[in-house]
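Everything below belongs to run-v6.tsv, which stores TSV, C-alpha atoms.
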```
chain	number	residue	atom	x	y	z
X	1	MET	CA	-6.14	-17.48	-71.85
X	2	GLY	CA	-6.50	-20.71	-73.75
X	3	ASP	CA	-5.71	-23.86	-71.83
X	4	ASP	CA	-2.74	-25.94	-72.93
X	5	ASN	CA	-3.17	-29.67	-72.31
X	6	ASP	CA	0.56	-30.42	-72.57
X	7	THR	CA	2.06	-27.96	-70.09
X	8	ASP	CA	1.93	-27.79	-66.32
X	9	ILE	CA	-0.24	-25.04	-64.90
X	10	THR	CA	1.52	-22.24	-63.04
X	11	GLU	CA	-1.61	-20.30	-62.10
X	12	PHE	CA	-5.38	-20.69	-61.80
X	13	ILE	CA	-8.19	-18.38	-62.87
X	14	LEU	CA	-10.62	-17.72	-60.02
X	15	LEU	CA	-13.93	-17.23	-61.79
X	16	GLY	CA	-15.65	-16.15	-58.59
X	17	PHE	CA	-18.43	-13.63	-59.06
X	18	SER	CA	-17.22	-12.42	-62.46
X	19	GLY	CA	-20.65	-13.22	-63.90
X	20	TYR	CA	-22.11	-10.44	-61.76
X	21	GLY	CA	-20.10	-7.57	-63.21
X	22	PHE	CA	-22.71	-4.95	-62.34
X	23	LEU	CA	-22.74	-6.10	-58.70
X	24	GLN	CA	-18.99	-6.53	-58.15
X	25	GLY	CA	-18.53	-2.97	-56.92
X	26	HIS	CA	-21.33	-3.34	-54.35
X	27	LEU	CA	-20.02	-6.77	-53.34
X	28	PHE	CA	-16.52	-5.32	-52.88
X	29	TRP	CA	-17.69	-2.64	-50.45
X	30	GLY	CA	-20.05	-5.03	-48.67
X	31	VAL	CA	-17.34	-7.64	-48.09
X	32	LEU	CA	-14.84	-4.94	-47.07
X	33	CYS	CA	-17.22	-3.55	-44.43
X	34	ILE	CA	-17.95	-7.04	-43.08
X	35	TYR	CA	-14.21	-7.79	-42.95
X	36	VAL	CA	-13.44	-4.60	-41.01
X	37	VAL	CA	-16.25	-5.32	-38.52
X	38	THR	CA	-14.94	-8.90	-38.15
X	39	LEU	CA	-11.41	-7.69	-37.41
X	40	LEU	CA	-12.51	-4.99	-34.97
X	41	GLY	CA	-15.08	-7.14	-33.16
X	42	ASN	CA	-12.87	-10.20	-32.70
X	43	SER	CA	-9.88	-8.03	-31.79
X	44	LEU	CA	-12.03	-6.41	-29.10
X	45	ILE	CA	-12.84	-9.84	-27.63
X	46	VAL	CA	-9.12	-10.74	-27.61
X	47	LEU	CA	-8.32	-7.44	-25.89
X	48	LEU	CA	-11.07	-7.79	-23.28
X	49	THR	CA	-10.22	-11.37	-22.36
X	50	LEU	CA	-6.58	-10.41	-21.92
X	51	ALA	CA	-7.08	-7.10	-20.08
X	52	ASP	CA	-9.92	-7.94	-17.66
X	53	SER	CA	-9.15	-10.37	-14.85
X	54	ALA	CA	-12.84	-11.30	-14.58
X	55	LEU	CA	-12.52	-12.94	-18.01
X	56	HIS	CA	-9.53	-15.14	-17.16
X	57	SER	CA	-11.60	-18.31	-16.95
X	58	PRO	CA	-11.28	-21.34	-19.27
X	59	MET	CA	-14.44	-20.34	-21.19
X	60	TYR	CA	-12.95	-16.98	-22.16
X	61	PHE	CA	-9.56	-18.55	-22.83
X	62	PHE	CA	-11.28	-20.68	-25.48
X	63	LEU	CA	-13.22	-17.66	-26.74
X	64	ARG	CA	-10.02	-15.64	-27.12
X	65	HIS	CA	-8.41	-18.30	-29.26
X	66	PHE	CA	-11.63	-18.76	-31.21
X	67	SER	CA	-11.59	-15.04	-32.03
X	68	VAL	CA	-7.93	-15.23	-33.09
X	69	VAL	CA	-8.75	-18.13	-35.41
X	70	GLU	CA	-11.71	-16.19	-36.85
X	71	ILE	CA	-9.41	-13.27	-37.68
X	72	LEU	CA	-6.83	-15.53	-39.34
X	73	TYR	CA	-9.51	-17.58	-41.12
X	74	THR	CA	-11.12	-14.57	-42.81
X	75	THR	CA	-7.74	-12.99	-43.55
X	76	THR	CA	-6.82	-16.12	-45.48
X	77	ILE	CA	-9.75	-15.47	-47.83
X	78	VAL	CA	-10.99	-11.89	-47.88
X	79	PRO	CA	-7.93	-9.81	-48.98
X	80	ARG	CA	-7.45	-12.03	-52.07
X	81	MET	CA	-11.19	-11.91	-52.77
X	82	LEU	CA	-11.25	-8.11	-52.56
X	83	ALA	CA	-8.31	-7.86	-54.95
X	84	ASP	CA	-10.03	-10.22	-57.40
X	85	LEU	CA	-13.25	-8.22	-57.27
X	86	ARG	CA	-11.29	-5.19	-58.51
X	87	SER	CA	-9.42	-7.17	-61.18
X	88	SER	CA	-10.53	-7.77	-64.77
X	89	CYS	CA	-8.61	-11.07	-64.85
X	90	PRO	CA	-8.47	-12.62	-61.35
X	91	THR	CA	-5.64	-15.17	-61.36
X	92	ILE	CA	-3.79	-16.84	-58.50
X	93	PRO	CA	-0.34	-18.46	-58.77
X	94	LEU	CA	-0.16	-22.16	-57.95
X	95	ALA	CA	1.99	-21.49	-54.86
X	96	SER	CA	-0.50	-18.89	-53.57
X	97	CYS	CA	-3.38	-21.29	-54.19
X	98	PHE	CA	-1.48	-23.97	-52.23
X	99	THR	CA	-0.91	-21.52	-49.36
X	100	GLN	CA	-4.53	-20.36	-49.25
X	101	LEU	CA	-5.90	-23.91	-49.29
X	102	TYR	CA	-3.47	-24.97	-46.54
X	103	PHE	CA	-4.44	-22.18	-44.14
X	104	PHE	CA	-8.11	-22.37	-45.10
X	105	ALA	CA	-8.13	-26.03	-44.00
X	106	LEU	CA	-5.92	-25.34	-40.96
X	107	PHE	CA	-8.05	-22.58	-39.44
X	108	GLY	CA	-11.36	-24.16	-40.47
X	109	ILE	CA	-10.55	-27.40	-38.65
X	110	ALA	CA	-9.05	-25.54	-35.67
X	111	GLU	CA	-12.36	-23.69	-35.41
X	112	CYS	CA	-14.33	-26.98	-35.34
X	113	CYS	CA	-12.10	-28.37	-32.60
X	114	LEU	CA	-12.23	-25.18	-30.52
X	115	LEU	CA	-16.03	-25.25	-30.65
X	116	THR	CA	-15.84	-28.84	-29.38
X	117	ALA	CA	-13.52	-27.83	-26.55
X	118	MET	CA	-15.92	-25.01	-25.63
X	119	ALA	CA	-18.80	-27.52	-25.55
X	120	TYR	CA	-16.81	-29.73	-23.18
X	121	ASP	CA	-16.14	-26.71	-20.97
X	122	ARG	CA	-19.89	-25.96	-20.79
X	123	TYR	CA	-20.59	-29.65	-20.07
X	124	ALA	CA	-18.08	-29.66	-17.19
X	125	ALA	CA	-19.46	-26.38	-15.77
X	126	ILE	CA	-23.14	-27.38	-15.90
X	127	CYS	CA	-23.14	-31.17	-15.46
X	128	CYS	CA	-20.16	-31.53	-13.10
X	129	PRO	CA	-19.90	-28.19	-11.24
X	130	LEU	CA	-18.25	-29.72	-8.15
X	131	HIS	CA	-15.46	-31.21	-10.25
X	132	TYR	CA	-15.14	-28.32	-12.71
X	133	THR	CA	-11.76	-27.08	-11.50
X	134	THR	CA	-10.37	-30.61	-11.77
X	135	LEU	CA	-11.88	-31.37	-15.17
X	136	MET	CA	-10.92	-27.99	-16.59
X	137	SER	CA	-7.50	-27.36	-15.08
X	138	GLN	CA	-4.99	-25.05	-16.75
X	139	GLY	CA	-3.18	-28.01	-18.27
X	140	THR	CA	-6.46	-29.35	-19.65
X	141	TYR	CA	-7.70	-26.21	-21.38
X	142	THR	CA	-4.30	-25.24	-22.76
X	143	GLY	CA	-3.89	-28.80	-24.01
X	144	LEU	CA	-7.29	-28.69	-25.73
X	145	VAL	CA	-6.38	-25.45	-27.51
X	146	GLY	CA	-3.01	-26.87	-28.55
X	147	ALA	CA	-4.71	-30.03	-29.84
X	148	SER	CA	-7.12	-27.86	-31.87
X	149	TYR	CA	-4.26	-26.11	-33.63
X	150	LEU	CA	-2.48	-29.44	-34.14
X	151	ALA	CA	-5.61	-30.90	-35.76
X	152	GLY	CA	-5.67	-27.90	-38.08
X	153	VAL	CA	-2.04	-28.43	-39.06
X	154	ILE	CA	-2.71	-32.14	-39.74
X	155	SER	CA	-5.73	-31.23	-41.86
X	156	GLY	CA	-3.93	-28.57	-43.88
X	157	THR	CA	-0.93	-30.84	-44.43
X	158	THR	CA	-3.09	-33.82	-45.42
X	159	HIS	CA	-5.05	-31.84	-47.98
X	160	SER	CA	-1.94	-30.16	-49.34
X	161	ILE	CA	-0.04	-33.43	-49.81
X	162	PHE	CA	-2.92	-35.29	-51.43
X	163	ILE	CA	-3.97	-32.44	-53.74
X	164	PHE	CA	-0.86	-30.55	-54.79
X	165	THR	CA	1.21	-33.64	-55.55
X	166	LEU	CA	-1.29	-34.27	-58.39
X	167	PRO	CA	-0.53	-32.95	-61.90
X	168	PHE	CA	-2.56	-29.99	-63.16
X	169	ARG	CA	-2.68	-29.55	-66.93
X	170	GLY	CA	-5.23	-28.18	-69.36
X	171	ALA	CA	-8.24	-26.68	-67.58
X	172	LYS	CA	-7.21	-24.06	-65.02
X	173	THR	CA	-10.45	-22.22	-64.25
X	174	ILE	CA	-11.71	-22.60	-60.67
X	175	HIS	CA	-15.43	-21.87	-60.46
X	176	HIS	CA	-15.05	-20.31	-57.05
X	177	PHE	CA	-13.68	-17.19	-55.36
X	178	LEU	CA	-11.09	-19.14	-53.35
X	179	CYS	CA	-8.93	-22.24	-53.60
X	180	ASP	CA	-11.33	-24.58	-51.86
X	181	ILE	CA	-10.58	-28.29	-51.66
X	182	LEU	CA	-13.15	-29.81	-54.01
X	183	PRO	CA	-12.96	-27.23	-56.85
X	184	VAL	CA	-9.15	-27.55	-56.98
X	185	LEU	CA	-9.24	-31.34	-56.73
X	186	ARG	CA	-11.55	-31.53	-59.74
X	187	LEU	CA	-8.96	-29.83	-61.96
X	188	ALA	CA	-6.32	-32.54	-61.43
X	189	THR	CA	-5.51	-34.55	-64.55
X	190	ALA	CA	-4.65	-37.77	-62.66
X	191	SER	CA	-6.71	-40.01	-60.41
X	192	THR	CA	-8.09	-38.08	-57.45
X	193	PHE	CA	-8.85	-41.21	-55.41
X	194	TRP	CA	-6.32	-40.55	-52.64
X	195	GLY	CA	-7.25	-36.88	-52.57
X	196	GLU	CA	-10.87	-37.85	-52.00
X	197	VAL	CA	-9.82	-40.40	-49.36
X	198	GLY	CA	-7.81	-37.71	-47.56
X	199	ASN	CA	-10.76	-35.33	-47.70
X	200	LEU	CA	-13.07	-38.04	-46.31
X	201	PHE	CA	-10.60	-38.83	-43.51
X	202	VAL	CA	-10.37	-35.19	-42.47
X	203	THR	CA	-14.15	-34.72	-42.70
X	204	ILE	CA	-14.91	-37.73	-40.49
X	205	THR	CA	-12.08	-37.18	-37.99
X	206	PHE	CA	-12.09	-33.42	-37.55
X	207	ILE	CA	-15.62	-32.33	-38.53
X	208	PHE	CA	-18.11	-35.18	-38.08
X	209	ALA	CA	-16.57	-36.58	-34.86
X	210	PRO	CA	-16.32	-33.15	-33.14
X	211	PHE	CA	-19.90	-32.44	-34.13
X	212	LEU	CA	-21.05	-35.71	-32.52
X	213	LEU	CA	-19.13	-34.80	-29.35
X	214	ILE	CA	-20.84	-31.40	-29.28
X	215	VAL	CA	-24.26	-33.06	-29.71
X	216	ALA	CA	-23.47	-35.51	-26.89
X	217	SER	CA	-22.32	-32.66	-24.62
X	218	TYR	CA	-25.50	-30.68	-25.21
X	219	ALA	CA	-27.66	-33.77	-24.70
X	220	CYS	CA	-26.15	-34.09	-21.22
X	221	ILE	CA	-26.48	-30.33	-20.65
X	222	LEU	CA	-30.13	-30.39	-21.69
X	223	ALA	CA	-30.85	-33.31	-19.37
X	224	THR	CA	-29.21	-31.42	-16.48
X	225	ILE	CA	-31.12	-28.21	-17.23
X	226	LEU	CA	-34.45	-30.04	-17.40
X	227	GLY	CA	-33.68	-31.60	-14.03
X	228	VAL	CA	-33.46	-28.19	-12.32
X	229	ALA	CA	-36.54	-27.53	-10.19
X	230	THR	CA	-37.08	-23.80	-10.83
X	231	SER	CA	-37.58	-22.03	-14.16
X	232	GLN	CA	-35.22	-19.27	-13.01
X	233	GLY	CA	-32.48	-21.83	-12.43
X	234	ARG	CA	-33.07	-23.43	-15.81
X	235	GLN	CA	-32.93	-20.05	-17.52
X	236	LYS	CA	-29.69	-19.15	-15.74
X	237	LEU	CA	-28.02	-22.41	-16.77
X	238	PHE	CA	-29.20	-22.13	-20.38
X	239	SER	CA	-27.93	-18.54	-20.64
X	240	THR	CA	-24.39	-19.74	-19.89
X	241	CYS	CA	-24.29	-21.85	-23.05
X	242	SER	CA	-26.80	-20.19	-25.41
X	243	SER	CA	-24.17	-18.04	-27.13
X	244	HIS	CA	-21.94	-21.02	-27.84
X	245	LEU	CA	-24.90	-23.08	-29.04
X	246	PHE	CA	-25.90	-20.33	-31.48
X	247	VAL	CA	-22.36	-20.16	-32.92
X	248	VAL	CA	-22.25	-23.97	-33.25
X	249	ILE	CA	-25.53	-24.03	-35.17
X	250	LEU	CA	-24.38	-21.17	-37.40
X	251	PHE	CA	-20.96	-22.69	-38.14
X	252	PHE	CA	-21.86	-26.35	-38.56
X	253	GLY	CA	-25.21	-25.58	-40.19
X	254	THR	CA	-23.77	-23.55	-43.05
X	255	GLY	CA	-20.74	-25.85	-43.35
X	256	THR	CA	-22.99	-28.90	-43.62
X	257	VAL	CA	-25.10	-27.27	-46.33
X	258	ALA	CA	-21.94	-26.35	-48.24
X	259	TYR	CA	-20.12	-29.70	-48.08
X	260	MET	CA	-22.67	-32.41	-47.37
X	261	ARG	CA	-25.34	-31.62	-49.96
X	262	PRO	CA	-25.18	-33.29	-53.40
X	263	GLN	CA	-22.65	-31.51	-55.61
X	264	ALA	CA	-22.70	-30.88	-59.33
X	265	ASP	CA	-19.59	-31.30	-61.47
X	266	SER	CA	-18.61	-27.71	-60.88
X	267	PHE	CA	-19.31	-25.19	-58.17
X	268	GLY	CA	-22.20	-22.91	-59.06
X	269	ASP	CA	-23.49	-19.60	-57.78
X	270	THR	CA	-25.41	-21.24	-54.92
X	271	ASP	CA	-22.25	-22.95	-53.64
X	272	GLN	CA	-20.33	-19.69	-53.75
X	273	ILE	CA	-23.04	-17.78	-51.87
X	274	ILE	CA	-23.15	-20.47	-49.16
X	275	THR	CA	-19.35	-20.44	-48.89
X	276	LEU	CA	-19.37	-16.63	-48.78
X	277	PHE	CA	-21.80	-16.77	-45.88
X	278	TYR	CA	-19.85	-19.18	-43.65
X	279	THR	CA	-16.38	-17.83	-44.49
X	280	VAL	CA	-17.12	-14.09	-44.44
X	281	VAL	CA	-20.46	-13.39	-42.72
X	282	THR	CA	-20.40	-15.98	-39.92
X	283	PRO	CA	-17.07	-14.79	-38.38
X	284	MET	CA	-18.59	-11.31	-38.10
X	285	CYS	CA	-21.46	-12.67	-35.96
X	286	ASN	CA	-19.17	-14.12	-33.25
X	287	PRO	CA	-18.40	-10.79	-31.48
X	288	PHE	CA	-22.05	-9.73	-31.49
X	289	VAL	CA	-23.24	-13.07	-30.11
X	290	TYR	CA	-20.70	-13.05	-27.27
X	291	THR	CA	-20.96	-9.35	-26.37
X	292	LEU	CA	-24.63	-8.44	-26.74
X	293	ARG	CA	-25.84	-11.54	-24.86
X	294	ASN	CA	-23.09	-11.79	-22.24
X	295	LYS	CA	-23.19	-9.63	-19.11
X	296	GLU	CA	-19.59	-10.46	-18.14
X	297	VAL	CA	-18.25	-9.28	-21.51
X	298	THR	CA	-20.38	-6.14	-21.59
X	299	GLY	CA	-19.27	-5.41	-18.01
X	300	ALA	CA	-15.63	-5.82	-19.07
X	301	MET	CA	-16.26	-3.40	-21.95
X	302	ARG	CA	-17.65	-0.77	-19.56
X	303	ARG	CA	-14.68	-1.19	-17.21
X	304	LEU	CA	-12.24	-0.88	-20.11
X	305	VAL	CA	-13.92	2.32	-21.34
X	306	LYS	CA	-13.90	3.83	-17.84
X	307	ARG	CA	-10.25	2.91	-17.34
X	308	TYR	CA	-8.94	4.54	-20.50
X	309	PHE	CA	-11.54	7.13	-21.51
```
Write the structure described by the file as structure tokens, please.
Amino acid sequence: MGDDNDTDITEFILLGFSGYGFLQGHLFWGVLCIYVVTLLGNSLIVLLTLADSALHSPMYFFLRHFSVVEILYTTTIVPRMLADLRSSCPTIPLASCFTQLYFFALFGIAECCLLTAMAYDRYAAICCPLHYTTLMSQGTYTGLVGASYLAGVISGTTHSIFIFTLPFRGAKTIHHFLCDILPVLRLATASTFWGEVGNLFVTITFIFAPFLLIVASYACILATILGVATSQGRQKLFSTCSSHLFVVILFFGTGTVAYMRPQADSFGDTDQIITLFYTVVTPMCNPFVYTLRNKEVTGAMRRLVKRYF
């Protein structure tokens, strides 16, 4: 597997967790179980929000699409990871690496934007209840979802153009379990300036700006909740957005630790564990957060069970 400095690379070696040979079997079954729970849980949310008329509100429209994105996001990563955990020489063709990176960026950014749209929905419901139907009309919430997917496409295309138009020769070992943006960019044998500029543009436009909008929305929500006279009223208002707030903290918190902290020249074990958490574990939490703490969803589950069983 020696690297040749004079020929173009046709495949990469995903080093992943190969240094933990004695744990790879346990990691395989652990990731597989998490993936199955993620698929079943998010599919259940999609089914409930489609089948139950009580969940045909804008909030659950956003939640349905968020669950769809979670399914697609993990499916971009986990099947390849599982195959590599069972392989003695985990390689990925250049075209497959390109495809994985494109959809990884697409669904990751779509997720950020959907969380922002959900924050705006909670802001409109709590801070402007009398104008909610106007602010969150069908055209508005479908447009916000469409814009989220469009932002994802722009992100995936931007990263793909700036990274995979670069030459890759010589070193072909990615110190990661997936084709993430920075590890792949570091293997390019030409200047990565424009690739880094593209990454910065996407980060500021589709990650940092949505996060600021979410913070602003919750600042207004908090001010409204604190202005309610009774503790029971404050508790009721907070319960309508607590699930979304928890998911926001989980998603942006782990993502910030992964991408905003100082990086070494190559991705290490800590980076991979953090990435594993927010790409594999976090999507599994979404169904539990929105079902165990939501009376409307649990009620829809009971009605669905009674209807068919």
As a compact mmCIF listing (two decimals) with C-alpha atoms, keeping the file's coordinate frame, please: the residues near X:Met118 (cut-off 8 Å, all atoms listed in the file, same-chain neighbours under 2 positions excluded).
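Wrote it out as selection.txt, contents follow:
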```
# COMPACT_ATOMS: atom_id res chain seq x y z
CA MET X 59 -14.44 -20.34 -21.19
CA PHE X 62 -11.28 -20.68 -25.48
CA LEU X 63 -13.22 -17.66 -26.74
CA LEU X 114 -12.23 -25.18 -30.52
CA LEU X 115 -16.03 -25.25 -30.65
CA THR X 116 -15.84 -28.84 -29.38
CA TYR X 120 -16.81 -29.73 -23.18
CA ASP X 121 -16.14 -26.71 -20.97
CA ARG X 122 -19.89 -25.96 -20.79
CA HIS X 244 -21.94 -21.02 -27.84
```
(request) Please indicate the distance in Å from atom CA of X:Ile92 to atom CA of X:Ser18, rounded to one decimal place. (result)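 Atom CA of X:Ile92 sits 14.7 Å away from atom CA of X:Ser18.
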(message) One decimal, in Å: what's the spacing between atom CA of X:Phe177 and atom CA of X:Cys89?
(response)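 Those two atoms sit 12.4 Å apart.
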(message) Report, in Å to a single decimal, how far apart atom CA of X:His176 and atom CA of X:Ile274 are.
(response)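 Distance reported for this atom pair: 11.3 Å.
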(request) Pick out the closest residue to X:Val289 from this set: X:Gly146, X:Pro167, X:Pro210, X:Gly41. Count all atoms listed in the file. (result) X:Gly41
(message) I want to know what sits within 10 Å of X:Leu187, based on all atoms listed in the file, with residues of the same chain fewer than 2 positions away left out; could you give that as a VMD selection string?
(response) chain X and resid 12 163 166 to 174 182 to 185 189 to 190 192 266
Please provide as a PDB file with C-alpha atoms, in the coordinates of the input all residues within 12 Å of X:Phe17, with the sequence filter that same-chain residues fewer than 6 positions apart are discarded (counting only C-alpha atoms).
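Result written to selection.pdb:
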```pdb
ATOM      1  CA  LEU X  23     -22.740  -6.100 -58.700  1.00  0.00           C
ATOM      2  CA  GLN X  24     -18.990  -6.530 -58.150  1.00  0.00           C
ATOM      3  CA  GLY X  25     -18.530  -2.970 -56.920  1.00  0.00           C
ATOM      4  CA  HIS X  26     -21.330  -3.340 -54.350  1.00  0.00           C
ATOM      5  CA  LEU X  27     -20.020  -6.770 -53.340  1.00  0.00           C
ATOM      6  CA  PHE X  28     -16.520  -5.320 -52.880  1.00  0.00           C
ATOM      7  CA  MET X  81     -11.190 -11.910 -52.770  1.00  0.00           C
ATOM      8  CA  LEU X  82     -11.250  -8.110 -52.560  1.00  0.00           C
ATOM      9  CA  ASP X  84     -10.030 -10.220 -57.400  1.00  0.00           C
ATOM     10  CA  LEU X  85     -13.250  -8.220 -57.270  1.00  0.00           C
ATOM     11  CA  ARG X  86     -11.290  -5.190 -58.510  1.00  0.00           C
ATOM     12  CA  SER X  87      -9.420  -7.170 -61.180  1.00  0.00           C
ATOM     13  CA  SER X  88     -10.530  -7.770 -64.770  1.00  0.00           C
ATOM     14  CA  CYS X  89      -8.610 -11.070 -64.850  1.00  0.00           C
ATOM     15  CA  PRO X  90      -8.470 -12.620 -61.350  1.00  0.00           C
ATOM     16  CA  ILE X 174     -11.710 -22.600 -60.670  1.00  0.00           C
ATOM     17  CA  HIS X 175     -15.430 -21.870 -60.460  1.00  0.00           C
ATOM     18  CA  HIS X 176     -15.050 -20.310 -57.050  1.00  0.00           C
ATOM     19  CA  PHE X 177     -13.680 -17.190 -55.360  1.00  0.00           C
ATOM     20  CA  LEU X 178     -11.090 -19.140 -53.350  1.00  0.00           C
ATOM     21  CA  PHE X 267     -19.310 -25.190 -58.170  1.00  0.00           C
ATOM     22  CA  GLY X 268     -22.200 -22.910 -59.060  1.00  0.00           C
ATOM     23  CA  ASP X 269     -23.490 -19.600 -57.780  1.00  0.00           C
ATOM     24  CA  THR X 270     -25.410 -21.240 -54.920  1.00  0.00           C
ATOM     25  CA  ASP X 271     -22.250 -22.950 -53.640  1.00  0.00           C
ATOM     26  CA  GLN X 272     -20.330 -19.690 -53.750  1.00  0.00           C
ATOM     27  CA  ILE X 273     -23.040 -17.780 -51.870  1.00  0.00           C
ATOM     28  CA  LEU X 276     -19.370 -16.630 -48.780  1.00  0.00           C
TER      29      LEU X 276
END
```
(request) Might you pull out every residue within 12 Å of X:Phe288, with only C-alpha atoms counted and same-chain residues fewer than 6 positions away left off, and present them as a VMD selection string? (result) chain X and resid 37 to 38 40 to 42 44 to 45 67 243 to 244 246 to 247 281 to 282 294 297 to 298
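For stretch 134-144 of chain X, the set of protein, DNA and RNA residues having any atom at most 7 Å away, when counting all atoms listed in the file and skipping those fewer than 5 positions along the same chain, is Pro58, Ala117, Asp121 and Ala124 of chain X.
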(request) Go ahead and find all residues with at least one atom no further than 12 Å from (-12.3, -8.2, -42.5) in the file's coordinates, using only C-alpha atoms; report them as a ChimeraX atom specification. (result) /X:28-43,70-82,279-284
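Shortest atom-to-atom contact with X:Thr224 among X:Gly255, X:Gly19, X:Gly152, X:Pro129: X:Pro129, counting all atoms listed in the file.
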(request) Rank nothing, just name the residue among X:Phe208, X:Arg303, X:Tyr123, X:Thr203 nearest to X:Leu222, using all atoms listed in the file. (result) X:Tyr123
Box along x, y and z, 4 Å on every side, all listed atoms of stretch 122-136 of chain X inside: centre and edge lengths in Å to one decimal, as AutoDock Vina command-line options.
```
--center_x -16.8 --center_y -28.7 --center_z -14.5 --size_x 20.8 --size_y 13.6 --size_z 20.6
```
